[in-house]
Amino acid sequence: MGAKACSCWGTSPAFLHRHRQIEGLEDAREIASRLISDRSGRAASRIMRPDDANVAGNVHGGTILKMIEEAGAIISTRHCNSQDGERCVAALARVERTDFLSPMCIGEVAHVSAEITYTSKHSVEVQVHVMSENILTGNKKLTNKATLWYVPLSLKNVDKVLEVPPVVYSRQEQEEEGRKRYEAQKLERMETKGRNGDIVQPVLNPEPNTVSYSQSSLIHLVGPSDCTLHGFVHGGVTMKLMDEVAGIVAARHCKTNIVTASVDAINFHDKIRKGCVITISGRMTFTSNKSMEIEVLVDADPVVDNSQKRYRAASAFFTYVSLNQEGKSLPVPQLLPETEDEKKRFEEGKGRYLQMKAKRQGQVEPQP
């Protein structure tokens with residue numbers, strides 16, 4: 001993620017020297033565990049390292065998504081265990097559309113804050129904001145806003161969803177607005193799950209600019225470090241892998257530096273157990289003049305459990321843009337759909353693109 005290479009830090013010797021000094025004081029990966037919080041909010045800070053970014057110095061969108069999910073999981077789990085009763089861990093069910101509003105670069109500090117904004121009987125809505133800070137100049141900017149939905153799963157029985165303690169709203173309108181958001185996301189989740197029978201198949205000797213030419217897959221064995229106390233994969237781990245595959249598809253299509261522009265709603269249809277082999281597949285569905293939409297599907301294969309068949313675990317649409325060396329957007333090669341299914345997905349992607357474009361234009365206030 002990020003729209004241009006960072007000119008103030010990059011990977012210069014001076015920066016690397018300073019970076020090693022920081023590591024000598026405290027490993028940047030441990031900063032995420034130094035959290036200041038109460039029941040209504042949580043904040044975390046972490047410096048962005050070279051292994052968090054692409055070759056141009058832009059922080060990967062998947063890195064940001066993983067930090068967002070970690071903050072949401074902590075605050076929702078804490079809230080769901082705030083009363084006496086059966087202990088639980090909050091599991092990610094859905095991430096609403098999130099836009100990458102501003103670039104983040106190596107050496108900048110990411111500040112992630114989370115707040116619970118609505119609770120239903122069995123789910124928690126969390127809103128997360130990400131700010132980036134240039135610690136040399138003190139400049140800060142908003143990079144991401146995201147809304148996530150969690151459900152509390154019992155520690156004794158992972159298939160048991162517990163009730164969520166209610167939150168107190170300062171205004172009645174807040175609860176009513178939250179209920180509308182809850183009903184809308186619930187309906188969309190059901191619709192998305194119903195159209196998830198598709199599988200990405202490899203094609204020999206595909207032509208450039210076709211769907212088959214750039215489609216990509218990644219196979220990953222789920223280990224203990226990927227999982228929660230339940231032995232199920234963290235939502236943030238899954239999202240990071242999904243963004244990685246989407247980035248490969250985008251890079252293969254346009255052969256330039258690419259960055260995450262936005263992520264449409266990510267739906268988690270089923271839990272992924274430790275020991276599963278997951279296949280993350282990505283394919284291009286639509287291109288506009290300067291953006292690419294990539295569908296990413298996650299399938300889980302419980303290889304150690306013969307009683308369960310391969311299943312669809314998650315799905316989402318990622319949008320990427322192509323950049324030159326100066327961080328300016330470049331035209332995207334137009335996708336050439338070949339099959340009827342590819343043409344249908346192209347038209348559906350075009351509809352989503354036009355809908356979002358109209359929504360953004362509607363949010364822009366007219367000039368006097």
# chains A, B, ... in the order shown; residues from 1 in each chain; ligands from 1
$ residues_around --residues "range 172-188 of chain A" --least-positions-apart "4" --cutoff "10 Å" --atoms "only C-alpha atoms" --output "ChimeraX atom specification"
/A:94-96,117-120,123-125,149,167-168,192-194,265,267
$ residues_around --residues "range 51-53 of chain A" --least-positions-apart "3" --cutoff "8 Å" --atoms "only C-alpha atoms" --output "PyMOL selection string"
chain A and resi 1+48+56-60+63+105-106
$ write_last_selection --atoms "all heavy atoms" --output "PDB file, in the first residue's frame"
ATOM      1  N   MET A   1       0.844  -1.181   0.000  1.00  0.00           N
ATOM      2  CA  MET A   1       0.000   0.000   0.000  1.00  0.00           C
ATOM      3  C   MET A   1       0.876   1.227   0.000  1.00  0.00           C
ATOM      4  O   MET A   1       2.035   1.195   0.354  1.00  0.00           O
ATOM      5  CB  MET A   1      -0.904  -0.047   1.251  1.00  0.00           C
ATOM      6  CG  MET A   1      -1.732   1.206   1.498  1.00  0.00           C
ATOM      7  SD  MET A   1      -0.920   2.292   2.650  1.00  0.00           S
ATOM      8  CE  MET A   1      -1.821   3.787   2.378  1.00  0.00           C
ATOM      9  N   MET A  48       7.377   1.311  10.771  1.00  0.00           N
ATOM     10  CA  MET A  48       7.348   0.499   9.559  1.00  0.00           C
ATOM     11  C   MET A  48       8.775   0.160   9.128  1.00  0.00           C
ATOM     12  O   MET A  48       9.604   1.040   8.958  1.00  0.00           O
ATOM     13  CB  MET A  48       6.635   1.250   8.436  1.00  0.00           C
ATOM     14  CG  MET A  48       5.148   1.511   8.714  1.00  0.00           C
ATOM     15  SD  MET A  48       4.135   0.005   8.759  1.00  0.00           S
ATOM     16  CE  MET A  48       4.027  -0.305  10.536  1.00  0.00           C
ATOM     17  N   ALA A  56       9.650  -0.241  -3.720  1.00  0.00           N
ATOM     18  CA  ALA A  56       9.627   1.219  -3.832  1.00  0.00           C
ATOM     19  C   ALA A  56       9.521   1.912  -2.475  1.00  0.00           C
ATOM     20  O   ALA A  56       9.503   3.138  -2.403  1.00  0.00           O
ATOM     21  CB  ALA A  56       8.451   1.651  -4.718  1.00  0.00           C
ATOM     22  N   GLY A  57       9.454   1.126  -1.399  1.00  0.00           N
ATOM     23  CA  GLY A  57       9.368   1.709  -0.066  1.00  0.00           C
ATOM     24  C   GLY A  57       7.959   1.932   0.423  1.00  0.00           C
ATOM     25  O   GLY A  57       7.762   2.490   1.507  1.00  0.00           O
ATOM     26  N   ASN A  58       6.933   1.513  -0.341  1.00  0.00           N
ATOM     27  CA  ASN A  58       5.539   1.663   0.069  1.00  0.00           C
ATOM     28  C   ASN A  58       5.138   0.497   0.954  1.00  0.00           C
ATOM     29  O   ASN A  58       5.356  -0.670   0.608  1.00  0.00           O
ATOM     30  CB  ASN A  58       4.609   1.694  -1.142  1.00  0.00           C
ATOM     31  CG  ASN A  58       5.077   2.655  -2.216  1.00  0.00           C
ATOM     32  OD1 ASN A  58       5.209   2.288  -3.378  1.00  0.00           O
ATOM     33  ND2 ASN A  58       5.356   3.888  -1.830  1.00  0.00           N
ATOM     34  N   VAL A  59       4.540   0.779   2.101  1.00  0.00           N
ATOM     35  CA  VAL A  59       4.099  -0.277   3.015  1.00  0.00           C
ATOM     36  C   VAL A  59       2.981  -1.089   2.361  1.00  0.00           C
ATOM     37  O   VAL A  59       2.047  -0.531   1.791  1.00  0.00           O
ATOM     38  CB  VAL A  59       3.618   0.321   4.348  1.00  0.00           C
ATOM     39  CG1 VAL A  59       3.041  -0.763   5.258  1.00  0.00           C
ATOM     40  CG2 VAL A  59       4.771   1.039   5.048  1.00  0.00           C
ATOM     41  N   HIS A  60       3.089  -2.405   2.447  1.00  0.00           N
ATOM     42  CA  HIS A  60       2.088  -3.288   1.863  1.00  0.00           C
ATOM     43  C   HIS A  60       0.712  -3.053   2.494  1.00  0.00           C
ATOM     44  O   HIS A  60       0.604  -2.868   3.714  1.00  0.00           O
ATOM     45  CB  HIS A  60       2.460  -4.756   2.084  1.00  0.00           C
ATOM     46  CG  HIS A  60       3.658  -5.201   1.318  1.00  0.00           C
ATOM     47  ND1 HIS A  60       3.690  -5.228  -0.060  1.00  0.00           N
ATOM     48  CD2 HIS A  60       4.871  -5.655   1.741  1.00  0.00           C
ATOM     49  CE1 HIS A  60       4.872  -5.688  -0.457  1.00  0.00           C
ATOM     50  NE2 HIS A  60       5.604  -5.932   0.609  1.00  0.00           N
ATOM     51  N   THR A  63      -0.015  -5.478   5.302  1.00  0.00           N
ATOM     52  CA  THR A  63       0.572  -5.146   6.600  1.00  0.00           C
ATOM     53  C   THR A  63      -0.365  -4.248   7.392  1.00  0.00           C
ATOM     54  O   THR A  63      -0.595  -4.460   8.595  1.00  0.00           O
ATOM     55  CB  THR A  63       1.930  -4.446   6.412  1.00  0.00           C
ATOM     56  OG1 THR A  63       2.813  -5.326   5.706  1.00  0.00           O
ATOM     57  CG2 THR A  63       2.543  -4.053   7.739  1.00  0.00           C
ATOM     58  N   CYS A 105       5.180   4.935   4.403  1.00  0.00           N
ATOM     59  CA  CYS A 105       6.494   4.550   3.908  1.00  0.00           C
ATOM     60  C   CYS A 105       7.355   3.961   5.017  1.00  0.00           C
ATOM     61  O   CYS A 105       7.055   4.095   6.209  1.00  0.00           O
ATOM     62  CB  CYS A 105       7.209   5.762   3.310  1.00  0.00           C
ATOM     63  SG  CYS A 105       6.304   6.559   1.980  1.00  0.00           S
ATOM     64  N   ILE A 106       8.434   3.324   4.609  1.00  0.00           N
ATOM     65  CA  ILE A 106       9.415   2.792   5.550  1.00  0.00           C
ATOM     66  C   ILE A 106       9.905   3.913   6.465  1.00  0.00           C
ATOM     67  O   ILE A 106      10.187   5.016   6.022  1.00  0.00           O
ATOM     68  CB  ILE A 106      10.615   2.184   4.796  1.00  0.00           C
ATOM     69  CG1 ILE A 106      10.176   0.963   3.972  1.00  0.00           C
ATOM     70  CG2 ILE A 106      11.726   1.789   5.762  1.00  0.00           C
ATOM     71  CD1 ILE A 106      11.259   0.447   3.056  1.00  0.00           C
TER      72      ILE A 106
END
$ closest_atom_pairs --of "range 226-289 of chain A" --to "range 329-333 of chain A" --cutoff "12 Å" --atoms "only C-alpha atoms" --output "CSV"
residue,atom,partner,partner_atom,distance
A:Ala250,CA,A:Val332,CA,9.7
A:Ala251,CA,A:Val332,CA,10.7
A:Arg252,CA,A:Pro333,CA,10.9
A:His253,CA,A:Pro333,CA,7.4
A:Cys254,CA,A:Pro333,CA,6.2
A:Lys255,CA,A:Pro333,CA,9.7
A:Thr256,CA,A:Leu330,CA,8.9
A:Asn257,CA,A:Leu330,CA,9.7
A:Ile258,CA,A:Ser329,CA,9.3
A:Val259,CA,A:Ser329,CA,10.1
A:Ala261,CA,A:Ser329,CA,11.2
A:Met284,CA,A:Pro333,CA,11.7
A:Phe286,CA,A:Val332,CA,10.7
A:Thr287,CA,A:Val332,CA,7.2
A:Ser288,CA,A:Val332,CA,7.2
A:Asn289,CA,A:Pro331,CA,5.6
$ closest_residue --among "A:Ile64, A:Ile47, A:Glu295, A:Leu155" --to "Val237 in chain A" --atoms "only C-alpha atoms"
A:Ile64
$ atom_distance --atom1 "CA of Leu142 in chain A" --atom2 "CA of Ile68 in chain A"
13.4 Å
$ residues_around --residues "Leu204 in chain A" --least-positions-apart "2" --cutoff "12 Å" --atoms "only C-alpha atoms" --output "PyMOL selection string"
chain A and resi 201-202+206-207+212-215
$ closest_residue --among "A:Val303, A:Val126, A:Ala358, A:Cys276" --to "Phe232 in chain A" --atoms "only C-alpha atoms"
A:Cys276
$ select_by_dssp --residues "range 217-363 of chain A" --states "alpha helix (DSSP H)" --output "PyMOL selection string"
chain A and resi 235-254+340-363
$ write_last_selection --atoms "C-alpha atoms" --output "mmCIF file, in the first residue's frame"
data_model
loop_
_atom_site.group_PDB
_atom_site.id
_atom_site.type_symbol
_atom_site.label_atom_id
_atom_site.label_comp_id
_atom_site.auth_asym_id
_atom_site.auth_seq_id
_atom_site.Cartn_x
_atom_site.Cartn_y
_atom_site.Cartn_z
ATOM 1 C CA GLY A 235 -8.309 -12.822 10.296
ATOM 2 C CA GLY A 236 -5.358 -10.475 9.861
ATOM 3 C CA VAL A 237 -3.120 -13.318 8.668
ATOM 4 C CA THR A 238 -5.682 -14.266 6.032
ATOM 5 C CA MET A 239 -6.076 -10.659 4.861
ATOM 6 C CA LYS A 240 -2.319 -10.188 4.532
ATOM 7 C CA LEU A 241 -2.045 -13.294 2.335
ATOM 8 C CA MET A 242 -5.019 -12.132 0.246
ATOM 9 C CA ASP A 243 -3.400 -8.742 -0.357
ATOM 10 C CA GLU A 244 -0.122 -10.436 -1.312
ATOM 11 C CA VAL A 245 -1.831 -12.531 -3.985
ATOM 12 C CA ALA A 246 -3.839 -9.564 -5.283
ATOM 13 C CA GLY A 247 -0.610 -7.583 -5.581
ATOM 14 C CA ILE A 248 1.019 -10.342 -7.630
ATOM 15 C CA VAL A 249 -1.958 -10.389 -10.016
ATOM 16 C CA ALA A 250 -1.807 -6.603 -10.435
ATOM 17 C CA ALA A 251 1.972 -6.597 -10.980
ATOM 18 C CA ARG A 252 1.771 -9.356 -13.573
ATOM 19 C CA HIS A 253 -0.923 -7.485 -15.474
ATOM 20 C CA CYS A 254 0.718 -4.053 -15.706
ATOM 21 C CA GLU A 340 -18.650 -15.709 -20.993
ATOM 22 C CA ASP A 341 -17.949 -15.971 -17.253
ATOM 23 C CA GLU A 342 -15.065 -13.513 -17.572
ATOM 24 C CA LYS A 343 -17.225 -11.084 -19.525
ATOM 25 C CA LYS A 344 -19.954 -11.365 -16.895
ATOM 26 C CA ARG A 345 -17.491 -10.703 -14.058
ATOM 27 C CA PHE A 346 -16.105 -7.736 -16.028
ATOM 28 C CA GLU A 347 -19.571 -6.144 -16.262
ATOM 29 C CA GLU A 348 -20.221 -6.795 -12.565
ATOM 30 C CA GLY A 349 -16.892 -5.172 -11.714
ATOM 31 C CA LYS A 350 -17.719 -2.221 -13.928
ATOM 32 C CA GLY A 351 -20.979 -1.810 -12.023
ATOM 33 C CA ARG A 352 -19.149 -1.762 -8.679
ATOM 34 C CA TYR A 353 -16.628 0.740 -10.067
ATOM 35 C CA LEU A 354 -19.322 3.120 -11.357
ATOM 36 C CA GLN A 355 -21.312 2.793 -8.143
ATOM 37 C CA MET A 356 -18.318 3.695 -5.998
ATOM 38 C CA LYS A 357 -17.324 6.522 -8.362
ATOM 39 C CA ALA A 358 -20.822 8.022 -8.094
ATOM 40 C CA LYS A 359 -20.718 7.677 -4.321
ATOM 41 C CA ARG A 360 -17.390 9.521 -4.103
ATOM 42 C CA GLN A 361 -18.629 12.292 -6.381
ATOM 43 C CA GLY A 362 -21.745 12.629 -4.256
ATOM 44 C CA GLN A 363 -19.615 13.122 -1.158
#
$ residues_around --residues "Ser217 in chain A" --least-positions-apart "3" --cutoff "8 Å" --atoms "only C-alpha atoms" --output "number ranges by chain"
A: 245, 279-282
$ write_last_selection --atoms "C-alpha atoms" --output "PDB file, in the first residue's frame"
ATOM      1  CA  VAL A 245      -1.831 -12.531  -3.985  1.00  0.00           C
ATOM      2  CA  THR A 279      -5.133 -21.892  -1.346  1.00  0.00           C
ATOM      3  CA  ILE A 280      -5.413 -18.145  -1.938  1.00  0.00           C
ATOM      4  CA  SER A 281      -6.335 -17.481  -5.576  1.00  0.00           C
ATOM      5  CA  GLY A 282      -6.563 -14.143  -7.337  1.00  0.00           C
TER       6      GLY A 282
END
$ closest_residue --among "A:Asp84, A:Glu163, A:Glu70, A:Asp99" --to "Lys145 in chain A" --atoms "only C-alpha atoms"
A:Asp99
$ atom_distance --atom1 "CA of His234 in chain A" --atom2 "CA of Ile75 in chain A"
14.6 Å
$ select_by_dssp --residues "range 55-100 of chain A" --states "strand (DSSP E)" --output "mmCIF file with all heavy atoms, in the first residue's frame"
data_model
loop_
_atom_site.group_PDB
_atom_site.id
_atom_site.type_symbol
_atom_site.label_atom_id
_atom_site.label_comp_id
_atom_site.auth_asym_id
_atom_site.auth_seq_id
_atom_site.Cartn_x
_atom_site.Cartn_y
_atom_site.Cartn_z
ATOM 1 N N CYS A 88 -14.438 -16.130 26.150
ATOM 2 C CA CYS A 88 -14.516 -16.252 24.694
ATOM 3 C C CYS A 88 -13.398 -15.477 24.017
ATOM 4 O O CYS A 88 -12.689 -14.694 24.657
ATOM 5 C CB CYS A 88 -15.870 -15.728 24.197
ATOM 6 S SG CYS A 88 -16.102 -13.955 24.491
ATOM 7 N N VAL A 89 -13.249 -15.709 22.712
ATOM 8 C CA VAL A 89 -12.347 -14.943 21.848
ATOM 9 C C VAL A 89 -13.172 -14.429 20.676
ATOM 10 O O VAL A 89 -13.969 -15.171 20.098
ATOM 11 C CB VAL A 89 -11.175 -15.798 21.345
ATOM 12 C CG1 VAL A 89 -10.404 -15.070 20.253
ATOM 13 C CG2 VAL A 89 -10.238 -16.158 22.487
ATOM 14 N N ALA A 90 -12.999 -13.154 20.330
ATOM 15 C CA ALA A 90 -13.751 -12.573 19.223
ATOM 16 C C ALA A 90 -13.124 -12.993 17.896
ATOM 17 O O ALA A 90 -11.921 -12.834 17.691
ATOM 18 C CB ALA A 90 -13.778 -11.053 19.334
ATOM 19 N N ALA A 91 -13.951 -13.527 16.993
ATOM 20 C CA ALA A 91 -13.492 -13.971 15.680
ATOM 21 C C ALA A 91 -13.992 -13.006 14.614
ATOM 22 O O ALA A 91 -15.156 -12.574 14.639
ATOM 23 C CB ALA A 91 -13.993 -15.380 15.389
ATOM 24 N N LEU A 92 -13.125 -12.678 13.664
ATOM 25 C CA LEU A 92 -13.482 -11.743 12.600
ATOM 26 C C LEU A 92 -14.467 -12.387 11.635
ATOM 27 O O LEU A 92 -14.235 -13.488 11.132
ATOM 28 C CB LEU A 92 -12.226 -11.307 11.847
ATOM 29 C CG LEU A 92 -12.408 -10.272 10.733
ATOM 30 C CD1 LEU A 92 -12.927 -8.953 11.296
ATOM 31 C CD2 LEU A 92 -11.086 -10.048 10.004
ATOM 32 N N ALA A 93 -15.579 -11.686 11.363
ATOM 33 C CA ALA A 93 -16.594 -12.184 10.438
ATOM 34 C C ALA A 93 -16.629 -11.394 9.138
ATOM 35 O O ALA A 93 -16.943 -11.960 8.080
ATOM 36 C CB ALA A 93 -17.974 -12.134 11.098
ATOM 37 N N ARG A 94 -16.289 -10.111 9.207
ATOM 38 C CA ARG A 94 -16.398 -9.283 7.999
ATOM 39 C C ARG A 94 -15.605 -7.990 8.179
ATOM 40 O O ARG A 94 -15.524 -7.443 9.291
ATOM 41 C CB ARG A 94 -17.867 -8.965 7.719
ATOM 42 C CG ARG A 94 -18.129 -8.015 6.543
ATOM 43 C CD ARG A 94 -19.636 -7.814 6.365
ATOM 44 N NE ARG A 94 -19.967 -6.719 5.478
ATOM 45 C CZ ARG A 94 -20.105 -6.807 4.156
ATOM 46 N NH1 ARG A 94 -19.922 -7.976 3.573
ATOM 47 N NH2 ARG A 94 -20.424 -5.760 3.427
ATOM 48 N N VAL A 95 -15.028 -7.514 7.087
ATOM 49 C CA VAL A 95 -14.407 -6.187 7.046
ATOM 50 C C VAL A 95 -15.126 -5.391 5.969
ATOM 51 O O VAL A 95 -15.200 -5.827 4.816
ATOM 52 C CB VAL A 95 -12.903 -6.263 6.720
ATOM 53 C CG1 VAL A 95 -12.291 -4.870 6.708
ATOM 54 C CG2 VAL A 95 -12.185 -7.147 7.717
ATOM 55 N N THR A 98 -12.673 -0.606 2.816
ATOM 56 C CA THR A 98 -11.722 0.347 3.383
ATOM 57 C C THR A 98 -10.864 0.923 2.273
ATOM 58 O O THR A 98 -10.409 0.198 1.383
ATOM 59 C CB THR A 98 -10.834 -0.308 4.463
ATOM 60 O OG1 THR A 98 -9.889 0.645 4.958
ATOM 61 C CG2 THR A 98 -10.086 -1.510 3.917
ATOM 62 N N ASP A 99 -10.654 2.225 2.297
ATOM 63 C CA ASP A 99 -9.836 2.914 1.304
ATOM 64 C C ASP A 99 -8.478 3.266 1.908
ATOM 65 O O ASP A 99 -8.384 3.620 3.083
ATOM 66 C CB ASP A 99 -10.526 4.192 0.826
ATOM 67 C CG ASP A 99 -11.778 3.904 0.015
ATOM 68 O OD1 ASP A 99 -11.670 3.197 -0.989
ATOM 69 O OD2 ASP A 99 -12.867 4.387 0.407
#
$ closest_residue --among "A:Arg283, A:Arg97, A:Arg46, A:Lys328" --to "Gln127 in chain A" --atoms "only C-alpha atoms"
A:Arg97
$ closest_residue --among "A:Met131, A:Val55, A:Leu335, A:Ile272" --to "Gln308 in chain A" --atoms "only C-alpha atoms"
A:Ile272
$ atom_distance --atom1 "CA of Gly231 in chain A" --atom2 "CA of Lys156 in chain A"
12.2 Å
$ closest_residue --among "A:Val161, A:Gln83, A:Thr147, A:His269" --to "Met190 in chain A" --atoms "only C-alpha atoms"
A:His269
